[in-house]
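One file, input.pdb, carrying PDB, C-alpha atoms:
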```pdb
ATOM      1  CA  MET P   1      12.431  19.870   3.798
ATOM      2  CA  THR P   2       9.562  18.504   1.694
ATOM      3  CA  ARG P   3       9.033  18.324  -2.055
ATOM      4  CA  GLY P   4       6.036  18.462  -4.354
ATOM      5  CA  PHE P   5       4.260  15.353  -5.544
ATOM      6  CA  SER P   6       3.143  14.446  -9.049
ATOM      7  CA  PHE P   7       1.029  11.466 -10.075
ATOM      8  CA  SER P   8       3.016   8.238 -10.242
ATOM      9  CA  LEU P   9       1.571   4.895 -11.362
ATOM     10  CA  PRO P  10       4.158   2.815  -9.402
ATOM     11  CA  VAL P  11       3.262   4.717  -6.210
ATOM     12  CA  MET P  12      -0.439   4.064  -6.819
ATOM     13  CA  VAL P  13       0.363   0.359  -7.296
ATOM     14  CA  VAL P  14       2.230   0.259  -3.971
ATOM     15  CA  VAL P  15      -0.593   2.067  -2.146
ATOM     16  CA  SER P  16      -3.171  -0.321  -3.639
ATOM     17  CA  ALA P  17      -1.092  -3.354  -2.664
ATOM     18  CA  ILE P  18      -0.711  -2.090   0.913
ATOM     19  CA  ALA P  19      -4.470  -1.493   1.220
ATOM     20  CA  PHE P  20      -5.333  -4.913  -0.248
ATOM     21  CA  VAL P  21      -2.864  -6.818   1.963
ATOM     22  CA  TYR P  22      -4.007  -4.959   5.078
ATOM     23  CA  PHE P  23      -7.688  -5.676   4.382
ATOM     24  CA  CYS P  24      -7.069  -9.379   3.730
ATOM     25  CA  THR P  25      -4.751  -9.791   6.711
ATOM     26  CA  VAL P  26      -7.004  -8.182   9.321
ATOM     27  CA  PHE P  27     -10.516  -8.862   8.052
ATOM     28  CA  VAL P  28      -9.986 -12.266   6.420
ATOM     29  CA  PHE P  29      -6.925 -14.128   7.742
ATOM     30  CA  THR P  30      -7.072 -12.890  11.347
ATOM     31  CA  ASP P  31     -10.849 -13.109  11.528
ATOM     32  CA  ARG P  32     -11.024 -16.640  10.118
ATOM     33  CA  TRP P  33      -8.197 -17.933  12.308
ATOM     34  CA  PHE P  34      -8.975 -16.312  15.661
ATOM     35  CA  GLY P  35     -12.124 -14.243  15.207
ATOM     36  CA  LEU P  36     -11.779 -10.461  15.405
ATOM     37  CA  MET P  37     -13.777 -10.229  18.634
ATOM     38  CA  THR P  38     -11.549 -12.678  20.534
ATOM     39  CA  SER P  39      -8.502 -11.647  22.570
ATOM     40  CA  PRO P  40      -5.970 -13.271  20.164
ATOM     41  CA  GLY P  41      -7.813 -11.723  17.219
ATOM     42  CA  ILE P  42      -7.762  -8.235  18.715
ATOM     43  CA  MET P  43      -4.082  -8.562  19.694
ATOM     44  CA  ASN P  44      -3.044  -9.650  16.206
ATOM     45  CA  ALA P  45      -5.205  -6.997  14.526
ATOM     46  CA  VAL P  46      -3.734  -4.257  16.710
ATOM     47  CA  ALA P  47      -0.158  -5.515  16.236
ATOM     48  CA  TYR P  48      -0.517  -5.767  12.463
ATOM     49  CA  THR P  49      -2.184  -2.356  12.283
ATOM     50  CA  ALA P  50       0.734  -0.826  14.200
ATOM     51  CA  VAL P  51       3.232  -2.346  11.757
ATOM     52  CA  ALA P  52       1.118  -1.199   8.798
ATOM     53  CA  VAL P  53       0.852   2.360  10.158
ATOM     54  CA  MET P  54       4.642   2.608  10.594
ATOM     55  CA  CYS P  55       5.138   1.161   7.128
ATOM     56  CA  VAL P  56       2.779   3.690   5.524
ATOM     57  CA  LEU P  57       4.143   6.586   7.579
ATOM     58  CA  ASN P  58       7.730   5.942   6.493
ATOM     59  CA  TYR P  59       6.609   5.365   2.900
ATOM     60  CA  VAL P  60       4.937   8.781   2.878
ATOM     61  CA  PHE P  61       8.065  10.382   4.356
ATOM     62  CA  ALA P  62      10.248   8.682   1.722
ATOM     63  CA  ILE P  63       8.007  10.074  -1.035
ATOM     64  CA  PHE P  64       7.634  13.637   0.164
ATOM     65  CA  MET P  65      10.965  14.226   1.931
ATOM     66  CA  ASP P  66      13.543  15.988  -0.181
ATOM     67  CA  PRO P  67      16.551  13.638  -0.600
ATOM     68  CA  GLY P  68      18.997  16.471   0.015
ATOM     69  CA  ARG P  69      20.070  19.001  -2.593
ATOM     70  CA  VAL P  70      23.524  20.439  -3.116
ATOM     71  CA  PRO P  71      23.452  24.165  -2.247
ATOM     72  CA  SER P  72      24.111  26.316  -5.284
ATOM     73  CA  THR P  73      26.668  28.261  -3.228
ATOM     74  CA  PHE P  74      28.759  25.186  -2.340
ATOM     75  CA  LEU P  75      32.477  25.598  -2.937
ATOM     76  CA  PRO P  76      35.025  22.935  -1.936
ATOM     77  CA  ASP P  77      37.848  24.146   0.262
ATOM     78  CA  ILE P  78      40.860  22.081  -0.732
ATOM     79  CA  GLU P  79      42.983  23.699   1.989
ATOM     80  CA  ASP P  80      40.618  22.742   4.828
ATOM     81  CA  SER P  81      42.517  20.228   6.976
ATOM     82  CA  LYS P  82      39.218  19.012   8.457
ATOM     83  CA  VAL P  83      38.272  17.529   5.067
ATOM     84  CA  PRO P  84      40.872  14.820   4.357
ATOM     85  CA  ILE P  85      39.070  13.503   1.248
ATOM     86  CA  HIS P  86      38.399  15.408  -1.971
ATOM     87  CA  GLU P  87      36.766  13.586  -4.869
ATOM     88  CA  ILE P  88      38.128  14.384  -8.312
ATOM     89  CA  LYS P  89      37.316  13.364 -11.879
ATOM     90  CA  ARG P  90      39.059  10.281 -13.275
ATOM     91  CA  LYS P  91      40.056  12.260 -16.352
ATOM     92  CA  GLY P  92      41.987  15.444 -15.710
ATOM     93  CA  GLY P  93      41.977  15.292 -11.918
ATOM     94  CA  ASP P  94      39.692  18.320 -11.569
ATOM     95  CA  LEU P  95      37.251  18.749  -8.694
ATOM     96  CA  ARG P  96      33.865  17.358  -9.650
ATOM     97  CA  TYR P  97      31.599  19.961 -11.230
ATOM     98  CA  CYS P  98      28.037  19.457 -12.461
ATOM     99  CA  GLN P  99      27.531  21.096 -15.833
ATOM    100  CA  LYS P 100      23.750  20.667 -15.630
ATOM    101  CA  CYS P 101      23.337  22.306 -12.200
ATOM    102  CA  SER P 102      26.313  24.666 -12.603
ATOM    103  CA  HIS P 103      27.940  24.047  -9.243
ATOM    104  CA  PHE P 104      30.606  21.880  -7.625
ATOM    105  CA  LYS P 105      29.668  18.503  -6.170
ATOM    106  CA  PRO P 106      30.554  17.723  -2.555
ATOM    107  CA  PRO P 107      31.814  14.227  -1.699
ATOM    108  CA  ARG P 108      29.276  11.423  -2.324
ATOM    109  CA  ALA P 109      26.893  13.687  -4.282
ATOM    110  CA  HIS P 110      25.663  12.730  -7.758
ATOM    111  CA  HIS P 111      23.363  14.198 -10.378
ATOM    112  CA  CYS P 112      20.022  12.441 -10.886
ATOM    113  CA  ARG P 113      18.843  12.547 -14.493
ATOM    114  CA  VAL P 114      15.241  11.856 -13.433
ATOM    115  CA  CYS P 115      14.939  14.464 -10.656
ATOM    116  CA  LYS P 116      17.306  16.801 -12.531
ATOM    117  CA  ILE P 117      19.144  17.807  -9.353
ATOM    118  CA  CYS P 118      22.394  16.927  -7.627
ATOM    119  CA  VAL P 119      21.572  14.738  -4.630
ATOM    120  CA  LEU P 120      23.688  14.618  -1.471
ATOM    121  CA  ARG P 121      24.999  11.116  -0.663
ATOM    122  CA  MET P 122      22.867   9.722  -3.471
ATOM    123  CA  ASP P 123      22.048   6.010  -3.251
ATOM    124  CA  HIS P 124      19.694   5.543  -6.215
ATOM    125  CA  HIS P 125      16.532   6.851  -7.842
ATOM    126  CA  CYS P 126      13.581   4.715  -6.741
ATOM    127  CA  THR P 127      10.622   4.423  -9.103
ATOM    128  CA  TRP P 128       8.437   3.016  -6.321
ATOM    129  CA  ILE P 129       8.633   6.216  -4.279
ATOM    130  CA  ASN P 130       8.954   8.525  -7.302
ATOM    131  CA  ASN P 131      11.937  10.117  -5.606
ATOM    132  CA  CYS P 132      15.673   9.827  -5.143
ATOM    133  CA  VAL P 133      17.019   8.026  -2.100
ATOM    134  CA  GLY P 134      19.691  10.304  -0.710
ATOM    135  CA  HIS P 135      21.219  11.817   2.393
ATOM    136  CA  ALA P 136      18.019  13.235   3.923
ATOM    137  CA  ASN P 137      15.562  10.392   3.258
ATOM    138  CA  TYR P 138      17.769   7.283   3.232
ATOM    139  CA  LYS P 139      16.901   6.345   6.812
ATOM    140  CA  VAL P 140      13.109   6.593   6.294
ATOM    141  CA  PHE P 141      13.455   4.566   3.085
ATOM    142  CA  PHE P 142      15.392   1.875   4.952
ATOM    143  CA  ILE P 143      12.892   1.799   7.836
ATOM    144  CA  PHE P 144      10.029   1.553   5.335
ATOM    145  CA  VAL P 145      11.644  -1.551   3.858
ATOM    146  CA  VAL P 146      12.115  -3.015   7.370
ATOM    147  CA  TYR P 147       8.439  -2.571   8.254
ATOM    148  CA  ALA P 148       7.342  -3.774   4.798
ATOM    149  CA  VAL P 149       9.278  -7.038   5.286
ATOM    150  CA  ILE P 150       7.783  -7.518   8.765
ATOM    151  CA  ALA P 151       4.277  -6.823   7.437
ATOM    152  CA  CYS P 152       4.631  -9.262   4.528
ATOM    153  CA  ILE P 153       6.003 -12.106   6.663
ATOM    154  CA  TYR P 154       3.405 -11.457   9.389
ATOM    155  CA  SER P 155       0.642 -11.534   6.778
ATOM    156  CA  LEU P 156       1.983 -14.796   5.318
ATOM    157  CA  VAL P 157       1.979 -16.408   8.760
ATOM    158  CA  LEU P 158      -1.641 -15.381   9.322
ATOM    159  CA  LEU P 159      -2.589 -16.579   5.829
ATOM    160  CA  VAL P 160      -1.099 -20.034   6.411
ATOM    161  CA  GLY P 161      -2.577 -20.238   9.899
ATOM    162  CA  SER P 162      -5.998 -19.293   8.573
ATOM    163  CA  LEU P 163      -5.852 -21.951   5.862
ATOM    164  CA  THR P 164      -4.702 -24.574   8.364
ATOM    165  CA  ASN P 165      -7.518 -23.662  10.738
ATOM    166  CA  ASP P 166     -10.105 -23.889   7.945
ATOM    167  CA  SER P 167      -8.778 -27.312   6.981
ATOM    168  CA  GLN P 168      -8.936 -28.614  10.538
ATOM    169  CA  ASN P 169     -12.465 -27.324  11.002
ATOM    170  CA  ASP P 170     -13.543 -28.722   7.622
ATOM    171  CA  LYS P 171     -15.113 -25.438   6.507
ATOM    172  CA  GLN P 172     -14.618 -26.153   2.830
ATOM    173  CA  GLN P 173     -17.831 -24.528   1.648
ATOM    174  CA  SER P 174     -17.092 -21.339   3.603
ATOM    175  CA  ALA P 175     -13.465 -21.297   2.417
ATOM    176  CA  ASP P 176     -14.470 -21.481  -1.236
ATOM    177  CA  SER P 177     -15.921 -17.972  -1.124
ATOM    178  CA  PHE P 178     -12.554 -16.584   0.048
ATOM    179  CA  ARG P 179     -10.421 -18.723  -2.264
ATOM    180  CA  ILE P 180      -9.758 -15.910  -4.739
ATOM    181  CA  LEU P 181      -8.498 -13.661  -1.917
ATOM    182  CA  TYR P 182      -6.169 -16.395  -0.654
ATOM    183  CA  VAL P 183      -4.813 -17.049  -4.155
ATOM    184  CA  ILE P 184      -4.218 -13.365  -4.959
ATOM    185  CA  SER P 185      -2.692 -12.733  -1.532
ATOM    186  CA  GLY P 186      -0.353 -15.711  -1.839
ATOM    187  CA  LEU P 187       0.742 -14.731  -5.345
ATOM    188  CA  LEU P 188       1.406 -11.200  -4.092
ATOM    189  CA  LEU P 189       2.966 -11.890  -0.695
ATOM    190  CA  VAL P 190       5.417 -14.683  -1.559
ATOM    191  CA  PRO P 191       7.394 -12.862  -4.288
ATOM    192  CA  LEU P 192       7.024  -9.548  -2.445
ATOM    193  CA  SER P 193       8.458 -11.036   0.755
ATOM    194  CA  MET P 194      11.381 -12.516  -1.151
ATOM    195  CA  ALA P 195      12.120  -9.318  -3.087
ATOM    196  CA  LEU P 196      11.834  -7.033  -0.060
ATOM    197  CA  SER P 197      13.917  -9.378   2.103
ATOM    198  CA  GLY P 198      16.644  -9.330  -0.540
ATOM    199  CA  LEU P 199      16.455  -5.534  -0.723
ATOM    200  CA  LEU P 200      16.621  -5.292   3.073
ATOM    201  CA  GLY P 201      19.638  -7.612   3.213
ATOM    202  CA  TRP P 202      21.368  -5.550   0.529
ATOM    203  CA  HIS P 203      20.883  -2.264   2.388
ATOM    204  CA  ILE P 204      21.933  -3.797   5.715
ATOM    205  CA  TYR P 205      25.181  -4.793   3.975
ATOM    206  CA  LEU P 206      25.585  -1.268   2.565
ATOM    207  CA  ILE P 207      24.927   0.353   5.950
ATOM    208  CA  LEU P 208      27.469  -1.896   7.692
ATOM    209  CA  GLN P 209      30.018  -0.860   5.054
ATOM    210  CA  ASN P 210      28.841   2.802   5.063
ATOM    211  CA  LYS P 211      28.405   2.669   1.298
ATOM    212  CA  THR P 212      25.719   3.769  -1.112
ATOM    213  CA  THR P 213      24.625   1.628  -4.042
ATOM    214  CA  ILE P 214      26.593   3.938  -6.348
ATOM    215  CA  GLU P 215      29.687   3.704  -4.137
ATOM    216  CA  TYR P 216      29.459  -0.088  -4.097
ATOM    217  CA  HIS P 217      29.684  -0.239  -7.898
ATOM    218  CA  GLU P 218      32.434   2.390  -7.924
ATOM    219  CA  GLY P 219      34.250   0.374  -5.253
ATOM    220  CA  VAL P 220      34.233  -2.755  -7.418
ATOM    221  CA  ARG P 221      36.146  -0.894 -10.101
ATOM    222  CA  ALA P 222      38.431   0.827  -7.565
ATOM    223  CA  THR P 223      39.277  -2.532  -5.961
ATOM    224  CA  TRP P 224      40.184  -3.982  -9.357
ATOM    225  CA  LEU P 225      42.418  -1.007 -10.189
ATOM    226  CA  GLU P 226      44.148  -1.095  -6.798
ATOM    227  CA  GLU P 227      44.764  -4.841  -7.051
ATOM    228  CA  ARG P 228      46.303  -4.351 -10.487
ATOM    229  CA  ALA P 229      48.629  -1.783  -8.933
ATOM    230  CA  GLY P 230      49.467  -4.170  -6.089
ATOM    231  CA  ASN P 231      47.625  -2.153  -3.442
ATOM    232  CA  ALA P 232      44.678  -2.909  -1.150
ATOM    233  CA  TYR P 233      41.560  -0.771  -1.560
ATOM    234  CA  LYS P 234      39.731   0.535   1.524
ATOM    235  CA  HIS P 235      36.432   2.377   1.327
ATOM    236  CA  PRO P 236      37.240   5.831   2.769
ATOM    237  CA  TYR P 237      33.944   6.168   4.663
ATOM    238  CA  ASP P 238      34.096   2.760   6.379
ATOM    239  CA  LEU P 239      34.399   3.564  10.102
ATOM    240  CA  GLY P 240      33.663   0.080  11.441
ATOM    241  CA  ALA P 241      30.317  -1.718  11.651
ATOM    242  CA  TYR P 242      28.896  -0.007  14.757
ATOM    243  CA  ASP P 243      30.012   3.509  13.798
ATOM    244  CA  ASN P 244      28.642   2.936  10.310
ATOM    245  CA  LEU P 245      25.270   1.939  11.801
ATOM    246  CA  THR P 246      25.113   4.991  14.050
ATOM    247  CA  THR P 247      26.135   7.274  11.189
ATOM    248  CA  VAL P 248      23.053   6.228   9.223
ATOM    249  CA  LEU P 249      20.524   5.307  11.935
ATOM    250  CA  GLY P 250      21.652   7.502  14.862
ATOM    251  CA  SER P 251      23.365   6.822  18.179
ATOM    252  CA  ASN P 252      20.116   6.091  20.072
ATOM    253  CA  ILE P 253      19.239   2.444  19.382
ATOM    254  CA  ILE P 254      15.590   3.049  20.327
ATOM    255  CA  CYS P 255      15.346   5.583  17.485
ATOM    256  CA  TRP P 256      16.730   3.195  14.869
ATOM    257  CA  ILE P 257      13.182   2.142  13.926
ATOM    258  CA  CYS P 258      11.778   5.690  14.077
ATOM    259  CA  PRO P 259      11.833   8.246  11.221
ATOM    260  CA  THR P 260      14.212  10.660  12.973
ATOM    261  CA  SER P 261      17.028  12.431  11.128
ATOM    262  CA  LYS P 262      18.542  15.037  13.477
ATOM    263  CA  HIS P 263      21.832  13.108  13.550
ATOM    264  CA  ILE P 264      22.669  13.177   9.843
ATOM    265  CA  GLY P 265      24.269  16.622   9.501
ATOM    266  CA  ASN P 266      24.203  18.792   6.383
ATOM    267  CA  GLY P 267      25.460  16.154   3.942
ATOM    268  CA  LEU P 268      28.369  18.275   2.721
ATOM    269  CA  ARG P 269      30.979  16.651   4.937
ATOM    270  CA  PHE P 270      31.284  13.092   6.272
ATOM    271  CA  ARG P 271      33.561  11.360   8.746
ATOM    272  CA  THR P 272      36.187   9.221   7.047
ATOM    273  CA  ALA P 273      38.716   6.584   8.003
ATOM    274  CA  TYR P 274      41.416   9.163   7.197
ATOM    275  CA  ASP P 275      40.305  11.918   9.575
ATOM    276  CA  GLY P 276      43.383  13.561  11.090
ATOM    277  CA  LEU P 277      45.606  12.444   8.186
ATOM    278  CA  PRO P 278      46.983  14.639   5.367
ATOM    279  CA  VAL P 279      44.507  15.663   2.644
ATOM    280  CA  THR P 280      44.106  13.116  -0.162
ATOM    281  CA  SER P 281      41.962  12.813  -3.291
ATOM    282  CA  THR P 282      39.813  10.026  -4.712
ATOM    283  CA  SER P 283      38.744   9.770  -8.329
ATOM    284  CA  LYS P 284      35.104   9.553  -9.439
TER     285      LYS P 284
END
```

Now, as a test, write the supplied structure out as structure tokens.
Amino acid sequence: MTRGFSFSLPVMVVVSAIAFVYFCTVFVFTDRWFGLMTSPGIMNAVAYTAVAVMCVLNYVFAIFMDPGRVPSTFLPDIEDSKVPIHEIKRKGGDLRYCQKCSHFKPPRAHHCRVCKICVLRMDHHCTWINNCVGHANYKVFFIFVVYAVIACIYSLVLLVGSLTNDSQNDKQQSADSFRILYVISGLLLVPLSMALSGLLGWHIYLILQNKTTIEYHEGVRATWLEERAGNAYKHPYDLGAYDNLTTVLGSNIICWICPTSKHIGNGLRFRTAYDGLPVTSTSK
């Protein structure tokens, strides 16, 4: 399911940055290090272009793919033995109900004040894609970040190699004309690589725990409350590292780096560590 698109300055900034980095990497760094018409030059240009295409493709999917909306007809069945977890409000113990959307919330769903909808398995609202990251588009968002990190590091390697090659060949006069591109690229790529690598590490941690960003922060509070009561808190959706990975990325390892989403289900029900046990409730 796709969604409409409205103008977004952060998205335009990202698109401009991608175009600038790609141009500098292929037509400046690669050309000045290897020469675009040489075998190493062609190989690096093709490899970087492939990474850039996958990066852009997943970015577009993350923007236009609907994150997953809660059906207006959704009603929780508290007597269904196949659903061992029901999330309730901290105050009152009632099933979670969205007053703004006028319907019940399934487990892991949250209302986004920016998109003005309830999003299935909501992770966060991302300004840089002008969209929520939720059940339906989380995988393409994650893969976009993976390819973005690879592209940034690859570009940095070619930048450094190009500078080293210029220095060894003593092409100072020729290098001066490209100095502004090297400076801008360095100032852009270094902090971008660090920020994206940190973001990638964070989401790898979340995937291995089968948590969303929202659930991580809720889990911090839940852990504190359980420890005060003398109990140990366990995240109900943590199935073990490998099962957590396949839940998000799919069972076919080859498809982990592809924008496929046939494995994710409808987002209204998720496997839990308590499947097969008596029905319980968790507060939200």

Extract, using only C-alpha atoms, all DNA, RNA and protein residues at most 12 Å from range 42-50 of chain P, discarding same-chain residues fewer than 5 positions from it, and format them as JSON, numbers by chain. {"P": [18, 19, 21, 22, 23, 24, 25, 26, 27, 28, 29, 30, 31, 33, 34, 35, 36, 37, 55, 56, 57, 147, 148, 150, 151, 152, 153, 154, 155, 156, 157, 158]}

Find the spatial neighbours of Cys126 in chain P, counting only C-alpha atoms, within a cut-off of 12 Å - ignore same-chain residues fewer than 4 positions away - and output them as a PDB file with C-alpha atoms, in the frame of the given file.
```pdb
ATOM      1  CA  SER P   8       3.016   8.238 -10.242  1.00  0.00           C
ATOM      2  CA  PRO P  10       4.158   2.815  -9.402  1.00  0.00           C
ATOM      3  CA  VAL P  11       3.262   4.717  -6.210  1.00  0.00           C
ATOM      4  CA  TYR P  59       6.609   5.365   2.900  1.00  0.00           C
ATOM      5  CA  ALA P  62      10.248   8.682   1.722  1.00  0.00           C
ATOM      6  CA  ILE P  63       8.007  10.074  -1.035  1.00  0.00           C
ATOM      7  CA  PRO P  67      16.551  13.638  -0.600  1.00  0.00           C
ATOM      8  CA  CYS P 112      20.022  12.441 -10.886  1.00  0.00           C
ATOM      9  CA  VAL P 114      15.241  11.856 -13.433  1.00  0.00           C
ATOM     10  CA  CYS P 115      14.939  14.464 -10.656  1.00  0.00           C
ATOM     11  CA  MET P 122      22.867   9.722  -3.471  1.00  0.00           C
ATOM     12  CA  ASN P 130       8.954   8.525  -7.302  1.00  0.00           C
ATOM     13  CA  ASN P 131      11.937  10.117  -5.606  1.00  0.00           C
ATOM     14  CA  CYS P 132      15.673   9.827  -5.143  1.00  0.00           C
ATOM     15  CA  VAL P 133      17.019   8.026  -2.100  1.00  0.00           C
ATOM     16  CA  GLY P 134      19.691  10.304  -0.710  1.00  0.00           C
ATOM     17  CA  ASN P 137      15.562  10.392   3.258  1.00  0.00           C
ATOM     18  CA  TYR P 138      17.769   7.283   3.232  1.00  0.00           C
ATOM     19  CA  PHE P 141      13.455   4.566   3.085  1.00  0.00           C
ATOM     20  CA  THR P 213      24.625   1.628  -4.042  1.00  0.00           C
TER      21      THR P 213
END
```

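Among P:Trp128, P:Phe74, P:Phe270, P:Phe61, the residue with the shortest atom-to-atom distance to Met12 in chain P, counting all atoms listed in the file, is P:Trp128.
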
Can you list, as an MDAnalysis selection string, the residues that the PyMOL selection byres ((chain P and resi 189-200) around 7) selects here? chainID P and resid 145:146 149 152:153 156 185:188 201:204

Do you know which residues are at most 12 Å from His103 in chain P counting only C-alpha atoms, after dropping those on the same chain fewer than 3 positions away, and could you put them as a PyMOL selection string? chain P and resi 69-76+95-100+106+109-111+117-118

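Using all atoms listed in the file, the smallest distance between any of P:Trp256, P:Phe142, P:Tyr274, P:Phe64 and Leu239 in chain P comes from P:Tyr274.
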
Point out the residue among P:Ile264, P:Leu163, P:Ala229, P:Ala273 with the least atom-to-atom distance to Leu120 in chain P, counting only C-alpha atoms. P:Ile264

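CA of Asn210 in chain P is found 8.8 Å from CA of Asp243 in chain P.
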
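Among the candidates P:Lys262, P:Lys211, P:Lys139, P:Lys105, the one nearest to Asn244 in chain P when counting only C-alpha atoms is P:Lys211.
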
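Reported to one decimal place, the separation of CA of Val14 in chain P from CA of Thr127 in chain P is 10.7 Å.
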
Nearest to His217 in chain P: which of P:Ala17, P:His235, P:Thr260, P:Ser177 is it, counting all atoms listed in the file? P:His235

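If you look at CA of Tyr205 in chain P and CA of Gly250 in chain P, they are 16.8 Å away from each other.
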
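When all atoms listed in the file are used to measure the gap to Asn266 in chain P, the shortest distance among P:Leu9, P:Ala136, P:Met54, P:Cys101 belongs to P:Ala136.
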
Quick one: residues within 6 Å of (26.0, 8.4, -1.0) (file frame), counting all atoms listed in the file, please, as a PyMOL selection string. chain P and resi 108+121-123+212
